Amino acid sequence: MTAQPQTPPAHVGIFQLLNGAHVAAAVSCLAQLGIPDLVEAGPKSAEDMAKEIGTDPQALYRLMRATACVGVLSEGPDGKFSQTATSAVLRSDASPSLRAFAIMYGRDWHARGLSNMEHCVRTGKQAMEKVYGSHIFEYLKQNPEEGKIFNDAMTQISMIDSPAVADGYNFDGIHSIVDIAGGHGLLLATILKRNPQMKGTLYELPHVLEGAKNGPLKPVMDRCALASGDMFSSVPAGADAYIMKHIIHDWPDDRCIQILKACRKNVNSGGRLLVVDNVIHPGNDFSPGKFLDLQMLIFPSGCERTEKQFRDLFAASGWRLSRIIPTAAADSIVEGLPA
Ligand SMILES: C[S@@+](CC[C@H](N)C(=O)[O-])C[C@H]1O[C@@H](n2cnc3c(N)ncnc32)[C@H](O)[C@@H]1O
């Protein structure tokens, strides 16, 4: 008689899902302690590393043993831990590196936001207002250490999706582009490097622009301007294209319409709108965007959108959705033409 494969009982599935909270916290802690940087040179024991970074050796061993069981680090028979392809992404100098992004997941504001998910679902409102009395971008401005971690995390995500966007779209015919709320400018720098005919403007809040001055745009500064302002009231005028990555998903429809209308008002004749975001498909298919959508619910009060939602948003702002271009990353480029 052949043994039948056993289906684990349903409660095991729930335990596994809930363990996700411990996994995320452990990965974040590993990144915060810089362990993936330390094991890059070769396997190390918890005792040796504990001396190096000043932790409790047993507690550090337990942290690394837990992360190794999900493939982040690997524990050898001698009890030493070595790098895996997954832990290597958490090195400070990895390319792409997700170290700051992982650290952000362990910050107090992030944990408090997640613990208020029920409030967000009951009210449809974001958590930061309830916990800190201010919108997330105001909180990050008031707390520069957190702001730096956030901006570094955004740049790290951009290391993955900027090349995908720059390669996934034909920028021929675009001579001037404005990156609306472009963080420290990695997307714009990537596009300008690949398109020597183009001039660019990075548009951001003043305190974020300060951090951009010595950032990724440095090699293309001869073709790039930095402009500060509030995207809800105005955007730099006279561009062939306005691009914005992970901006529309930060805001509810009425706020997005303000941004998109400002772009419509200022775009050159024959110009374009390029919104870079996840495009969600309803239903049961797995998509990381559906969890990112919860992140948007909890923190900035935005949402990930379906094609129809983008189409309606564009129509309400004077644009016509012309194409959705998938990229090699999770984002798509939602292209708009003046309606
Ligand atoms: C989720 S981040 C995305 C940054 C960048 N586009 C990227 O993909 O890495 C959102 C950005 O919006 C900027 N922002 C928020 N409110 C703004 C406003 N009123 N005007 C201009 N930029 C704003 C923030 O400073 C932040 O850098």
# chains A, B, ... in the order shown; residues from 1 in each chain; ligands from 1

call {"tool": "residues_near_ligand", "arguments": {"ligand": "ligand 1", "cutoff": "6 Å", "atoms": "only C-alpha atoms and all ligand atoms", "output": "PyMOL selection string"}}
result
chain A and resi 137+154-155+158+181-183+204-205+208+229-232+244-247

call {"tool": "write_last_selection", "arguments": {"atoms": "C-alpha atoms", "output": "PDB file, in the first residue's frame"}}
result
ATOM      1  CA  PHE A 137       4.968  62.657   5.627  1.00  0.00           C
ATOM      2  CA  MET A 154      12.505  54.234  -0.949  1.00  0.00           C
ATOM      3  CA  THR A 155      15.825  54.587  -2.795  1.00  0.00           C
ATOM      4  CA  SER A 158      14.028  52.200  -6.569  1.00  0.00           C
ATOM      5  CA  ALA A 181       7.795  63.535  -5.560  1.00  0.00           C
ATOM      6  CA  GLY A 182      10.816  61.611  -6.804  1.00  0.00           C
ATOM      7  CA  GLY A 183      12.451  61.078  -3.404  1.00  0.00           C
ATOM      8  CA  GLU A 204      10.027  67.214  -3.918  1.00  0.00           C
ATOM      9  CA  LEU A 205       9.313  68.637  -0.496  1.00  0.00           C
ATOM     10  CA  VAL A 208      13.687  65.735   1.099  1.00  0.00           C
ATOM     11  CA  GLY A 229       7.101  72.677  -3.697  1.00  0.00           C
ATOM     12  CA  ASP A 230       3.786  71.120  -2.846  1.00  0.00           C
ATOM     13  CA  MET A 231       2.494  68.876  -5.619  1.00  0.00           C
ATOM     14  CA  PHE A 232      -1.119  69.451  -4.567  1.00  0.00           C
ATOM     15  CA  MET A 244       5.489  59.758 -10.609  1.00  0.00           C
ATOM     16  CA  LYS A 245       6.429  56.473  -8.990  1.00  0.00           C
ATOM     17  CA  HIS A 246       4.621  55.236  -5.885  1.00  0.00           C
ATOM     18  CA  ILE A 247       2.852  58.566  -5.458  1.00  0.00           C
TER      19      ILE A 247
END

call {"tool": "residues_around", "arguments": {"residues": "range 305-314 of chain A", "least_positions_apart": "6", "cutoff": "10 Å", "atoms": "only C-alpha atoms", "output": "PDB file with all heavy atoms, in the first residue's frame"}}
result
ATOM      1  N   ILE A 248       0.776  58.075  -6.598  1.00  0.00           N
ATOM      2  CA  ILE A 248      -0.684  57.983  -6.680  1.00  0.00           C
ATOM      3  C   ILE A 248      -1.208  56.967  -5.651  1.00  0.00           C
ATOM      4  O   ILE A 248      -2.255  57.179  -5.034  1.00  0.00           O
ATOM      5  CB  ILE A 248      -1.098  57.648  -8.137  1.00  0.00           C
ATOM      6  CG1 ILE A 248      -0.819  58.862  -9.033  1.00  0.00           C
ATOM      7  CG2 ILE A 248      -2.550  57.219  -8.249  1.00  0.00           C
ATOM      8  CD1 ILE A 248      -1.468  60.161  -8.570  1.00  0.00           C
ATOM      9  N   HIS A 249      -0.439  55.899  -5.404  1.00  0.00           N
ATOM     10  CA  HIS A 249      -0.920  54.906  -4.432  1.00  0.00           C
ATOM     11  C   HIS A 249      -0.901  55.435  -2.984  1.00  0.00           C
ATOM     12  O   HIS A 249      -1.474  54.823  -2.105  1.00  0.00           O
ATOM     13  CB  HIS A 249      -0.169  53.572  -4.561  1.00  0.00           C
ATOM     14  CG  HIS A 249       1.186  53.520  -3.933  1.00  0.00           C
ATOM     15  ND1 HIS A 249       1.883  52.333  -3.791  1.00  0.00           N
ATOM     16  CD2 HIS A 249       1.992  54.475  -3.401  1.00  0.00           C
ATOM     17  CE1 HIS A 249       3.041  52.580  -3.207  1.00  0.00           C
ATOM     18  NE2 HIS A 249       3.145  53.862  -2.970  1.00  0.00           N
ATOM     19  N   ASP A 253      -8.540  59.386  -3.887  1.00  0.00           N
ATOM     20  CA  ASP A 253      -8.838  59.935  -5.224  1.00  0.00           C
ATOM     21  C   ASP A 253      -8.820  61.465  -5.276  1.00  0.00           C
ATOM     22  O   ASP A 253      -8.243  62.048  -6.196  1.00  0.00           O
ATOM     23  CB  ASP A 253     -10.216  59.446  -5.703  1.00  0.00           C
ATOM     24  CG  ASP A 253     -10.169  57.995  -6.164  1.00  0.00           C
ATOM     25  OD1 ASP A 253      -9.088  57.383  -6.079  1.00  0.00           O
ATOM     26  OD2 ASP A 253     -11.219  57.489  -6.600  1.00  0.00           O
ATOM     27  N   ASP A 254      -9.465  62.124  -4.306  1.00  0.00           N
ATOM     28  CA  ASP A 254      -9.571  63.589  -4.416  1.00  0.00           C
ATOM     29  C   ASP A 254      -8.204  64.260  -4.413  1.00  0.00           C
ATOM     30  O   ASP A 254      -7.959  65.220  -5.138  1.00  0.00           O
ATOM     31  CB  ASP A 254     -10.486  64.153  -3.300  1.00  0.00           C
ATOM     32  CG  ASP A 254     -10.011  63.779  -1.903  1.00  0.00           C
ATOM     33  OD1 ASP A 254      -9.316  62.748  -1.752  1.00  0.00           O
ATOM     34  OD2 ASP A 254     -10.322  64.511  -0.948  1.00  0.00           O
ATOM     35  N   CYS A 256      -5.338  62.725  -5.394  1.00  0.00           N
ATOM     36  CA  CYS A 256      -4.666  62.352  -6.661  1.00  0.00           C
ATOM     37  C   CYS A 256      -5.126  63.258  -7.792  1.00  0.00           C
ATOM     38  O   CYS A 256      -4.319  63.673  -8.634  1.00  0.00           O
ATOM     39  CB  CYS A 256      -4.987  60.905  -7.031  1.00  0.00           C
ATOM     40  SG  CYS A 256      -4.295  59.719  -5.897  1.00  0.00           S
ATOM     41  N   ILE A 257      -6.420  63.565  -7.792  1.00  0.00           N
ATOM     42  CA  ILE A 257      -6.964  64.403  -8.873  1.00  0.00           C
ATOM     43  C   ILE A 257      -6.290  65.775  -8.845  1.00  0.00           C
ATOM     44  O   ILE A 257      -5.971  66.345  -9.891  1.00  0.00           O
ATOM     45  CB  ILE A 257      -8.507  64.466  -8.758  1.00  0.00           C
ATOM     46  CG1 ILE A 257      -9.092  63.096  -9.150  1.00  0.00           C
ATOM     47  CG2 ILE A 257      -9.098  65.572  -9.645  1.00  0.00           C
ATOM     48  CD1 ILE A 257     -10.569  62.921  -8.852  1.00  0.00           C
ATOM     49  N   LEU A 260      -2.846  65.249 -10.493  1.00  0.00           N
ATOM     50  CA  LEU A 260      -2.932  64.970 -11.937  1.00  0.00           C
ATOM     51  C   LEU A 260      -3.450  66.176 -12.711  1.00  0.00           C
ATOM     52  O   LEU A 260      -3.028  66.413 -13.847  1.00  0.00           O
ATOM     53  CB  LEU A 260      -3.819  63.740 -12.182  1.00  0.00           C
ATOM     54  CG  LEU A 260      -3.316  62.434 -11.545  1.00  0.00           C
ATOM     55  CD1 LEU A 260      -4.194  61.259 -11.940  1.00  0.00           C
ATOM     56  CD2 LEU A 260      -1.869  62.137 -11.902  1.00  0.00           C
ATOM     57  N   LYS A 261      -4.341  66.944 -12.092  1.00  0.00           N
ATOM     58  CA  LYS A 261      -4.832  68.169 -12.766  1.00  0.00           C
ATOM     59  C   LYS A 261      -3.695  69.183 -12.901  1.00  0.00           C
ATOM     60  O   LYS A 261      -3.584  69.871 -13.921  1.00  0.00           O
ATOM     61  CB  LYS A 261      -5.986  68.797 -11.969  1.00  0.00           C
ATOM     62  CG  LYS A 261      -7.344  68.201 -12.306  1.00  0.00           C
ATOM     63  CD  LYS A 261      -8.451  68.997 -11.612  1.00  0.00           C
ATOM     64  CE  LYS A 261      -9.818  68.530 -12.102  1.00  0.00           C
ATOM     65  NZ  LYS A 261     -10.909  69.106 -11.305  1.00  0.00           N
ATOM     66  N   ARG A 264      -1.699  68.126 -15.775  1.00  0.00           N
ATOM     67  CA  ARG A 264      -2.432  68.368 -17.039  1.00  0.00           C
ATOM     68  C   ARG A 264      -2.337  69.840 -17.435  1.00  0.00           C
ATOM     69  O   ARG A 264      -2.149  70.171 -18.609  1.00  0.00           O
ATOM     70  CB  ARG A 264      -3.900  67.950 -16.842  1.00  0.00           C
ATOM     71  CG  ARG A 264      -4.802  68.218 -18.025  1.00  0.00           C
ATOM     72  CD  ARG A 264      -4.426  67.351 -19.211  1.00  0.00           C
ATOM     73  NE  ARG A 264      -5.136  67.737 -20.423  1.00  0.00           N
ATOM     74  CZ  ARG A 264      -4.755  68.709 -21.251  1.00  0.00           C
ATOM     75  NH1 ARG A 264      -3.641  69.395 -21.017  1.00  0.00           N
ATOM     76  NH2 ARG A 264      -5.460  68.983 -22.332  1.00  0.00           N
ATOM     77  N   LEU A 273       1.593  61.651 -19.404  1.00  0.00           N
ATOM     78  CA  LEU A 273       1.608  61.378 -17.968  1.00  0.00           C
ATOM     79  C   LEU A 273       2.045  59.928 -17.785  1.00  0.00           C
ATOM     80  O   LEU A 273       1.532  59.037 -18.478  1.00  0.00           O
ATOM     81  CB  LEU A 273       0.180  61.559 -17.429  1.00  0.00           C
ATOM     82  CG  LEU A 273      -0.088  61.121 -15.999  1.00  0.00           C
ATOM     83  CD1 LEU A 273       0.583  62.073 -15.008  1.00  0.00           C
ATOM     84  CD2 LEU A 273      -1.599  61.096 -15.733  1.00  0.00           C
ATOM     85  N   VAL A 275       2.330  57.249 -14.803  1.00  0.00           N
ATOM     86  CA  VAL A 275       2.117  56.879 -13.404  1.00  0.00           C
ATOM     87  C   VAL A 275       2.667  55.467 -13.201  1.00  0.00           C
ATOM     88  O   VAL A 275       2.254  54.533 -13.885  1.00  0.00           O
ATOM     89  CB  VAL A 275       0.608  56.922 -13.054  1.00  0.00           C
ATOM     90  CG1 VAL A 275       0.344  56.284 -11.697  1.00  0.00           C
ATOM     91  CG2 VAL A 275       0.113  58.369 -13.054  1.00  0.00           C
ATOM     92  N   ASP A 277       3.010  52.444 -10.759  1.00  0.00           N
ATOM     93  CA  ASP A 277       2.415  51.843  -9.566  1.00  0.00           C
ATOM     94  C   ASP A 277       2.053  50.393  -9.877  1.00  0.00           C
ATOM     95  O   ASP A 277       2.066  49.980 -11.039  1.00  0.00           O
ATOM     96  CB  ASP A 277       1.114  52.588  -9.181  1.00  0.00           C
ATOM     97  CG  ASP A 277       1.320  53.624  -8.074  1.00  0.00           C
ATOM     98  OD1 ASP A 277       2.142  53.357  -7.184  1.00  0.00           O
ATOM     99  OD2 ASP A 277       0.661  54.679  -8.114  1.00  0.00           O
ATOM    100  N   ASN A 278       1.698  49.659  -8.836  1.00  0.00           N
ATOM    101  CA  ASN A 278       1.091  48.340  -9.050  1.00  0.00           C
ATOM    102  C   ASN A 278      -0.274  48.522  -9.686  1.00  0.00           C
ATOM    103  O   ASN A 278      -0.963  49.495  -9.363  1.00  0.00           O
ATOM    104  CB  ASN A 278       0.862  47.654  -7.705  1.00  0.00           C
ATOM    105  CG  ASN A 278       2.065  46.883  -7.230  1.00  0.00           C
ATOM    106  OD1 ASN A 278       2.057  45.672  -7.280  1.00  0.00           O
ATOM    107  ND2 ASN A 278       3.102  47.568  -6.781  1.00  0.00           N
ATOM    108  N   VAL A 279      -0.647  47.613 -10.578  1.00  0.00           N
ATOM    109  CA  VAL A 279      -2.040  47.594 -11.058  1.00  0.00           C
ATOM    110  C   VAL A 279      -2.631  46.273 -10.549  1.00  0.00           C
ATOM    111  O   VAL A 279      -2.140  45.198 -10.851  1.00  0.00           O
ATOM    112  CB  VAL A 279      -2.116  47.676 -12.596  1.00  0.00           C
ATOM    113  CG1 VAL A 279      -3.565  47.593 -13.057  1.00  0.00           C
ATOM    114  CG2 VAL A 279      -1.490  48.987 -13.085  1.00  0.00           C
ATOM    115  N   ILE A 280      -3.659  46.430  -9.735  1.00  0.00           N
ATOM    116  CA  ILE A 280      -4.216  45.275  -9.015  1.00  0.00           C
ATOM    117  C   ILE A 280      -5.285  44.579  -9.843  1.00  0.00           C
ATOM    118  O   ILE A 280      -6.087  45.238 -10.505  1.00  0.00           O
ATOM    119  CB  ILE A 280      -4.875  45.787  -7.706  1.00  0.00           C
ATOM    120  CG1 ILE A 280      -3.806  46.335  -6.772  1.00  0.00           C
ATOM    121  CG2 ILE A 280      -5.698  44.730  -7.017  1.00  0.00           C
ATOM    122  CD1 ILE A 280      -2.967  45.282  -6.140  1.00  0.00           C
ATOM    123  N   HIS A 281      -5.295  43.244  -9.786  1.00  0.00           N
ATOM    124  CA  HIS A 281      -6.381  42.479 -10.415  1.00  0.00           C
ATOM    125  C   HIS A 281      -7.254  41.928  -9.303  1.00  0.00           C
ATOM    126  O   HIS A 281      -6.746  41.290  -8.387  1.00  0.00           O
ATOM    127  CB  HIS A 281      -5.817  41.332 -11.254  1.00  0.00           C
ATOM    128  CG  HIS A 281      -4.880  41.832 -12.313  1.00  0.00           C
ATOM    129  ND1 HIS A 281      -5.334  42.458 -13.452  1.00  0.00           N
ATOM    130  CD2 HIS A 281      -3.532  41.844 -12.381  1.00  0.00           C
ATOM    131  CE1 HIS A 281      -4.299  42.824 -14.181  1.00  0.00           C
ATOM    132  NE2 HIS A 281      -3.185  42.472 -13.554  1.00  0.00           N
ATOM    133  N   PRO A 282      -8.562  42.193  -9.380  1.00  0.00           N
ATOM    134  CA  PRO A 282      -9.438  41.661  -8.330  1.00  0.00           C
ATOM    135  C   PRO A 282      -9.395  40.130  -8.338  1.00  0.00           C
ATOM    136  O   PRO A 282      -8.999  39.546  -9.338  1.00  0.00           O
ATOM    137  CB  PRO A 282     -10.829  42.164  -8.732  1.00  0.00           C
ATOM    138  CG  PRO A 282     -10.633  43.136  -9.824  1.00  0.00           C
ATOM    139  CD  PRO A 282      -9.307  42.878 -10.446  1.00  0.00           C
ATOM    140  N   GLY A 289       1.088  43.292  -4.355  1.00  0.00           N
ATOM    141  CA  GLY A 289       0.407  44.590  -4.328  1.00  0.00           C
ATOM    142  C   GLY A 289      -0.785  44.588  -3.394  1.00  0.00           C
ATOM    143  O   GLY A 289      -1.180  45.641  -2.882  1.00  0.00           O
ATOM    144  N   LYS A 290      -1.367  43.420  -3.154  1.00  0.00           N
ATOM    145  CA  LYS A 290      -2.543  43.377  -2.274  1.00  0.00           C
ATOM    146  C   LYS A 290      -2.145  43.586  -0.815  1.00  0.00           C
ATOM    147  O   LYS A 290      -2.965  44.023  -0.006  1.00  0.00           O
ATOM    148  CB  LYS A 290      -3.299  42.068  -2.469  1.00  0.00           C
ATOM    149  CG  LYS A 290      -3.981  42.035  -3.838  1.00  0.00           C
ATOM    150  CD  LYS A 290      -4.676  40.743  -4.160  1.00  0.00           C
ATOM    151  CE  LYS A 290      -5.254  40.837  -5.567  1.00  0.00           C
ATOM    152  NZ  LYS A 290      -5.728  39.555  -6.088  1.00  0.00           N
ATOM    153  N   ASP A 293      -1.155  47.288  -0.599  1.00  0.00           N
ATOM    154  CA  ASP A 293      -2.402  48.037  -0.486  1.00  0.00           C
ATOM    155  C   ASP A 293      -2.783  48.246   0.994  1.00  0.00           C
ATOM    156  O   ASP A 293      -3.262  49.312   1.376  1.00  0.00           O
ATOM    157  CB  ASP A 293      -3.497  47.264  -1.228  1.00  0.00           C
ATOM    158  CG  ASP A 293      -4.837  47.971  -1.140  1.00  0.00           C
ATOM    159  OD1 ASP A 293      -4.910  49.146  -1.537  1.00  0.00           O
ATOM    160  OD2 ASP A 293      -5.802  47.354  -0.666  1.00  0.00           O
ATOM    161  N   ARG A 320      -6.531  60.879 -20.553  1.00  0.00           N
ATOM    162  CA  ARG A 320      -7.133  59.639 -21.066  1.00  0.00           C
ATOM    163  C   ARG A 320      -6.095  58.532 -20.906  1.00  0.00           C
ATOM    164  O   ARG A 320      -4.956  58.676 -21.353  1.00  0.00           O
ATOM    165  CB  ARG A 320      -7.469  59.828 -22.554  1.00  0.00           C
ATOM    166  CG  ARG A 320      -7.973  58.581 -23.254  1.00  0.00           C
ATOM    167  CD  ARG A 320      -8.340  58.894 -24.696  1.00  0.00           C
ATOM    168  NE  ARG A 320      -7.217  59.348 -25.519  1.00  0.00           N
ATOM    169  CZ  ARG A 320      -6.303  58.545 -26.082  1.00  0.00           C
ATOM    170  NH1 ARG A 320      -6.362  57.239 -25.893  1.00  0.00           N
ATOM    171  NH2 ARG A 320      -5.320  59.048 -26.818  1.00  0.00           N
ATOM    172  N   LEU A 321      -6.502  57.451 -20.217  1.00  0.00           N
ATOM    173  CA  LEU A 321      -5.553  56.339 -20.051  1.00  0.00           C
ATOM    174  C   LEU A 321      -5.335  55.702 -21.423  1.00  0.00           C
ATOM    175  O   LEU A 321      -6.284  55.220 -22.040  1.00  0.00           O
ATOM    176  CB  LEU A 321      -6.112  55.329 -19.045  1.00  0.00           C
ATOM    177  CG  LEU A 321      -5.162  54.253 -18.516  1.00  0.00           C
ATOM    178  CD1 LEU A 321      -5.655  53.716 -17.179  1.00  0.00           C
ATOM    179  CD2 LEU A 321      -4.933  53.125 -19.482  1.00  0.00           C
ATOM    180  N   SER A 322      -4.100  55.745 -21.921  1.00  0.00           N
ATOM    181  CA  SER A 322      -3.845  55.231 -23.268  1.00  0.00           C
ATOM    182  C   SER A 322      -3.296  53.810 -23.262  1.00  0.00           C
ATOM    183  O   SER A 322      -3.641  53.000 -24.126  1.00  0.00           O
ATOM    184  CB  SER A 322      -2.883  56.153 -24.014  1.00  0.00           C
ATOM    185  OG  SER A 322      -1.806  56.503 -23.184  1.00  0.00           O
ATOM    186  N   ARG A 323      -2.425  53.487 -22.296  1.00  0.00           N
ATOM    187  CA  ARG A 323      -1.819  52.149 -22.275  1.00  0.00           C
ATOM    188  C   ARG A 323      -1.384  51.813 -20.856  1.00  0.00           C
ATOM    189  O   ARG A 323      -1.069  52.708 -20.081  1.00  0.00           O
ATOM    190  CB  ARG A 323      -0.520  52.127 -23.105  1.00  0.00           C
ATOM    191  CG  ARG A 323      -0.677  52.216 -24.573  1.00  0.00           C
ATOM    192  CD  ARG A 323       0.668  51.968 -25.256  1.00  0.00           C
ATOM    193  NE  ARG A 323       1.623  53.043 -25.021  1.00  0.00           N
ATOM    194  CZ  ARG A 323       2.947  52.949 -25.221  1.00  0.00           C
ATOM    195  NH1 ARG A 323       3.481  51.806 -25.616  1.00  0.00           N
ATOM    196  NH2 ARG A 323       3.751  53.986 -25.026  1.00  0.00           N
ATOM    197  N   ILE A 324      -1.326  50.510 -20.586  1.00  0.00           N
ATOM    198  CA  ILE A 324      -0.666  50.061 -19.347  1.00  0.00           C
ATOM    199  C   ILE A 324       0.481  49.158 -19.779  1.00  0.00           C
ATOM    200  O   ILE A 324       0.262  48.154 -20.465  1.00  0.00           O
ATOM    201  CB  ILE A 324      -1.638  49.320 -18.414  1.00  0.00           C
ATOM    202  CG1 ILE A 324      -2.721  50.301 -17.924  1.00  0.00           C
ATOM    203  CG2 ILE A 324      -0.892  48.722 -17.234  1.00  0.00           C
ATOM    204  CD1 ILE A 324      -3.669  49.731 -16.895  1.00  0.00           C
ATOM    205  N   VAL A 334       1.449  53.334 -16.154  1.00  0.00           N
ATOM    206  CA  VAL A 334       0.111  53.677 -16.635  1.00  0.00           C
ATOM    207  C   VAL A 334       0.258  55.002 -17.385  1.00  0.00           C
ATOM    208  O   VAL A 334       0.561  56.030 -16.772  1.00  0.00           O
ATOM    209  CB  VAL A 334      -0.886  53.788 -15.463  1.00  0.00           C
ATOM    210  CG1 VAL A 334      -2.305  53.947 -16.005  1.00  0.00           C
ATOM    211  CG2 VAL A 334      -0.790  52.579 -14.551  1.00  0.00           C
ATOM    212  N   GLU A 335       0.094  54.939 -18.694  1.00  0.00           N
ATOM    213  CA  GLU A 335       0.353  56.114 -19.535  1.00  0.00           C
ATOM    214  C   GLU A 335      -0.941  56.884 -19.781  1.00  0.00           C
ATOM    215  O   GLU A 335      -1.968  56.282 -20.104  1.00  0.00           O
ATOM    216  CB  GLU A 335       0.946  55.660 -20.858  1.00  0.00           C
ATOM    217  CG  GLU A 335       1.337  56.806 -21.780  1.00  0.00           C
ATOM    218  CD  GLU A 335       1.606  56.312 -23.205  1.00  0.00           C
ATOM    219  OE1 GLU A 335       0.669  55.766 -23.843  1.00  0.00           O
ATOM    220  OE2 GLU A 335       2.753  56.468 -23.663  1.00  0.00           O
ATOM    221  N   GLY A 336      -0.852  58.197 -19.652  1.00  0.00           N
ATOM    222  CA  GLY A 336      -1.991  59.050 -19.957  1.00  0.00           C
ATOM    223  C   GLY A 336      -1.641  60.066 -21.020  1.00  0.00           C
ATOM    224  O   GLY A 336      -0.507  60.555 -21.076  1.00  0.00           O
ATOM    225  N   LEU A 337      -2.627  60.389 -21.862  1.00  0.00           N
ATOM    226  CA  LEU A 337      -2.485  61.454 -22.858  1.00  0.00           C
ATOM    227  C   LEU A 337      -3.556  62.489 -22.558  1.00  0.00           C
ATOM    228  O   LEU A 337      -4.626  62.143 -22.015  1.00  0.00           O
ATOM    229  CB  LEU A 337      -2.657  60.893 -24.266  1.00  0.00           C
ATOM    230  CG  LEU A 337      -1.646  59.819 -24.700  1.00  0.00           C
ATOM    231  CD1 LEU A 337      -1.993  59.271 -26.074  1.00  0.00           C
ATOM    232  CD2 LEU A 337      -0.220  60.361 -24.661  1.00  0.00           C
ATOM    233  N   PRO A 338      -3.308  63.753 -22.916  1.00  0.00           N
ATOM    234  CA  PRO A 338      -4.343  64.757 -22.645  1.00  0.00           C
ATOM    235  C   PRO A 338      -5.676  64.345 -23.272  1.00  0.00           C
ATOM    236  O   PRO A 338      -5.700  63.902 -24.431  1.00  0.00           O
ATOM    237  CB  PRO A 338      -3.773  66.017 -23.315  1.00  0.00           C
ATOM    238  CG  PRO A 338      -2.288  65.813 -23.295  1.00  0.00           C
ATOM    239  CD  PRO A 338      -2.079  64.336 -23.494  1.00  0.00           C
ATOM    240  N   ALA A 339      -6.760  64.451 -22.504  1.00  0.00           N
ATOM    241  CA  ALA A 339      -8.068  64.020 -23.016  1.00  0.00           C
ATOM    242  C   ALA A 339      -8.613  65.065 -23.971  1.00  0.00           C
ATOM    243  O   ALA A 339      -8.300  66.253 -23.849  1.00  0.00           O
ATOM    244  CB  ALA A 339      -9.022  63.816 -21.856  1.00  0.00           C
TER     245      ALA A 339
END

call {"tool": "residues_around", "arguments": {"residues": "range 299-303 of chain A", "least_positions_apart": "6", "cutoff": "6 Å", "atoms": "only C-alpha atoms", "output": "NGL selection string"}}
result
:A and (126 or 136 or 249-252 or 293)

call {"tool": "closest_residue", "arguments": {"among": "A:Arg62, A:Tyr169, A:Ala46, A:Ala330", "to": "Asp78 in chain A", "atoms": "only C-alpha atoms"}}
result
A:Ala46

call {"tool": "residues_around", "arguments": {"residues": "His119 in chain A", "least_positions_apart": "5", "cutoff": "12 Å", "atoms": "only C-alpha atoms", "output": "mmCIF file with N, CA, C and O atoms, in the first residue's frame"}}
result
data_model
loop_
_atom_site.group_PDB
_atom_site.id
_atom_site.type_symbol
_atom_site.label_atom_id
_atom_site.label_comp_id
_atom_site.auth_asym_id
_atom_site.auth_seq_id
_atom_site.Cartn_x
_atom_site.Cartn_y
_atom_site.Cartn_z
ATOM 1 N N ARG A 112 3.554 50.322 15.320
ATOM 2 C CA ARG A 112 2.320 50.894 15.884
ATOM 3 C C ARG A 112 1.252 51.061 14.805
ATOM 4 O O ARG A 112 0.069 50.904 15.068
ATOM 5 N N GLY A 113 1.686 51.384 13.599
ATOM 6 C CA GLY A 113 0.737 51.463 12.485
ATOM 7 C C GLY A 113 0.061 50.117 12.258
ATOM 8 O O GLY A 113 -1.180 50.018 12.235
ATOM 9 N N LEU A 114 0.871 49.061 12.156
ATOM 10 C CA LEU A 114 0.305 47.723 11.908
ATOM 11 C C LEU A 114 -0.639 47.314 13.033
ATOM 12 O O LEU A 114 -1.680 46.707 12.785
ATOM 13 N N GLY A 124 -11.687 53.425 7.828
ATOM 14 C CA GLY A 124 -11.171 53.798 6.502
ATOM 15 C C GLY A 124 -10.101 54.871 6.604
ATOM 16 O O GLY A 124 -9.613 55.377 5.594
ATOM 17 N N LYS A 125 -9.723 55.220 7.853
ATOM 18 C CA LYS A 125 -8.720 56.287 8.036
ATOM 19 C C LYS A 125 -7.359 55.675 8.323
ATOM 20 O O LYS A 125 -7.265 54.563 8.827
ATOM 21 N N GLN A 126 -6.297 56.438 8.058
ATOM 22 C CA GLN A 126 -4.947 55.936 8.320
ATOM 23 C C GLN A 126 -4.623 55.983 9.818
ATOM 24 O O GLN A 126 -5.296 56.698 10.581
ATOM 25 N N ALA A 127 -3.590 55.231 10.202
ATOM 26 C CA ALA A 127 -3.277 55.074 11.624
ATOM 27 C C ALA A 127 -2.409 56.193 12.186
ATOM 28 O O ALA A 127 -2.473 56.483 13.387
ATOM 29 N N MET A 128 -1.595 56.837 11.358
ATOM 30 C CA MET A 128 -0.595 57.773 11.888
ATOM 31 C C MET A 128 -1.259 58.960 12.601
ATOM 32 O O MET A 128 -0.772 59.431 13.626
ATOM 33 N N GLU A 129 -2.379 59.415 12.030
ATOM 34 C CA GLU A 129 -3.126 60.525 12.635
ATOM 35 C C GLU A 129 -3.540 60.130 14.055
ATOM 36 O O GLU A 129 -3.405 60.905 14.989
ATOM 37 N N LYS A 130 -4.031 58.887 14.203
ATOM 38 C CA LYS A 130 -4.513 58.440 15.516
ATOM 39 C C LYS A 130 -3.335 58.292 16.496
ATOM 40 O O LYS A 130 -3.402 58.715 17.639
ATOM 41 N N VAL A 131 -2.245 57.701 16.018
ATOM 42 C CA VAL A 131 -1.137 57.399 16.923
ATOM 43 C C VAL A 131 -0.283 58.638 17.201
ATOM 44 O O VAL A 131 0.090 58.902 18.340
ATOM 45 N N LEU A 297 -3.264 51.616 3.197
ATOM 46 C CA LEU A 297 -4.429 51.882 4.048
ATOM 47 C C LEU A 297 -3.972 52.375 5.424
ATOM 48 O O LEU A 297 -4.520 53.338 5.976
ATOM 49 N N ILE A 298 -2.926 51.737 5.958
ATOM 50 C CA ILE A 298 -2.505 52.023 7.332
ATOM 51 C C ILE A 298 -1.718 53.328 7.427
ATOM 52 O O ILE A 298 -1.921 54.122 8.339
ATOM 53 N N PHE A 299 -0.806 53.558 6.469
ATOM 54 C CA PHE A 299 0.120 54.693 6.653
ATOM 55 C C PHE A 299 -0.323 55.973 5.938
ATOM 56 O O PHE A 299 -0.713 56.926 6.596
#

call {"tool": "residues_around", "arguments": {"residues": "Lys213 in chain A", "least_positions_apart": "2", "cutoff": "12 Å", "atoms": "only C-alpha atoms", "output": "ChimeraX atom specification"}}
result
/A:183-186,202,204,206-211,215-221,224-227
